[in-house]
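Reviewing the structure listed below.
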Amino acid sequence: MKYSEASYGRVFVLRLEDGDILHEEVEAFAREKSINAAALIVVGGVDAGSKLIVGPREGRSKIISPMEHILDKVHEASGAGTIFPDKDNLPRLHMHLACGREESTKTGCVRRGVKVWHVLEAILFELVDTTATRILDDKVGFELLEP
């Protein structure tokens, strides 16, 4: 395990609106408010056509091939995530969302595009005094948190 320490900064209450793309809106807000690092929770609805990364095709293969699931209908959603800067010092959201409808739930990463259905509420907790970043790991092929 690797770790670093951070302190709380500002806390923001957000309402994303119908048609917003979750990761795009959150990252744009973070840039606008000069937020480099944060933790956040969300709750609300996501629209049909939203895309989730639902796991690697093979669990321990050398080449990681992500699987994408497209929601066919509106779903209730709840999720948690983090924001840390990438190699270009831009805030990048890593969030997993559980999306349920009737007796079925799909859970995955929002990076491919989750579209808000009417409203998605978020509480964003800014983290300050941290040097943590997301660094591309050539071994796995995606950005990993480097605390």
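In the structure tokens, each chain is lettered A, B, ... as it comes, each chain's residues begin at 1, and ligands are numbered from 1 in order of appearance.
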Please run DSSP on the backbone and report, as an mmCIF file with C-alpha atoms, in the first residue's frame, all residues within segment 100-143 of chain A that come out as strand (DSSP E).
data_model
loop_
_atom_site.group_PDB
_atom_site.id
_atom_site.type_symbol
_atom_site.label_atom_id
_atom_site.label_comp_id
_atom_site.auth_asym_id
_atom_site.auth_seq_id
_atom_site.Cartn_x
_atom_site.Cartn_y
_atom_site.Cartn_z
ATOM 1 C CA GLY A 100 -30.253 0.031 -10.620
ATOM 2 C CA ARG A 101 -33.613 -0.569 -12.252
ATOM 3 C CA SER A 104 -31.118 -5.456 -11.790
ATOM 4 C CA THR A 105 -28.017 -3.406 -10.973
ATOM 5 C CA LYS A 106 -25.004 -2.596 -13.140
ATOM 6 C CA THR A 107 -21.872 -1.137 -11.569
ATOM 7 C CA GLY A 108 -18.955 0.412 -13.376
ATOM 8 C CA CYS A 109 -16.647 3.323 -14.076
ATOM 9 C CA VAL A 116 -27.781 12.657 -16.222
ATOM 10 C CA TRP A 117 -31.535 11.981 -16.238
ATOM 11 C CA HIS A 118 -33.188 15.119 -14.820
ATOM 12 C CA VAL A 119 -30.954 15.484 -11.754
ATOM 13 C CA LEU A 120 -27.831 14.082 -10.169
ATOM 14 C CA GLU A 121 -26.782 15.542 -6.830
ATOM 15 C CA ALA A 122 -23.136 15.627 -5.784
ATOM 16 C CA ILE A 123 -21.192 16.611 -2.703
ATOM 17 C CA LEU A 124 -17.569 17.420 -3.536
ATOM 18 C CA PHE A 125 -14.996 17.535 -0.718
ATOM 19 C CA GLU A 126 -11.856 19.360 -1.807
ATOM 20 C CA LEU A 127 -8.545 17.876 -0.628
ATOM 21 C CA VAL A 128 -5.630 20.246 -0.083
ATOM 22 C CA THR A 133 -1.394 12.514 -8.916
ATOM 23 C CA ARG A 134 -2.592 10.072 -11.553
ATOM 24 C CA ILE A 135 0.317 8.565 -13.498
ATOM 25 C CA LEU A 136 0.046 6.342 -16.571
ATOM 26 C CA ASP A 137 1.265 2.874 -15.676
ATOM 27 C CA PHE A 142 -4.179 3.153 -17.443
ATOM 28 C CA GLU A 143 -3.607 5.965 -14.949
#
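Listed by chain and then by rising number, the residues of chain A that DSSP assigns to helix (DSSP H, G or I) from the backbone are Leu22, His23, Glu24, Glu25, Val26, Glu27, Ala28, Phe29, Ala30, Arg31 and Glu32 of chain A.
Residue nearest Ser34 of chain A, chosen from A:Lys73, A:Arg10, A:Arg57, A:Arg15 and counting only C-alpha atoms: A:Arg10.
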Of the listed residues A:Lys139, A:Lys2, A:Arg92, A:Arg112, that which approaches Asn36 of chain A most closely, counting only C-alpha atoms: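 Under the stated criterion, the closest residue is A:Arg92.
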message: Please determine, counting only C-alpha atoms, which residue among A:Met67, A:Val42, A:Ala48, A:Val54 has the shortest atom-to-atom distance to Gly81 of chain A.
response: A:Val42
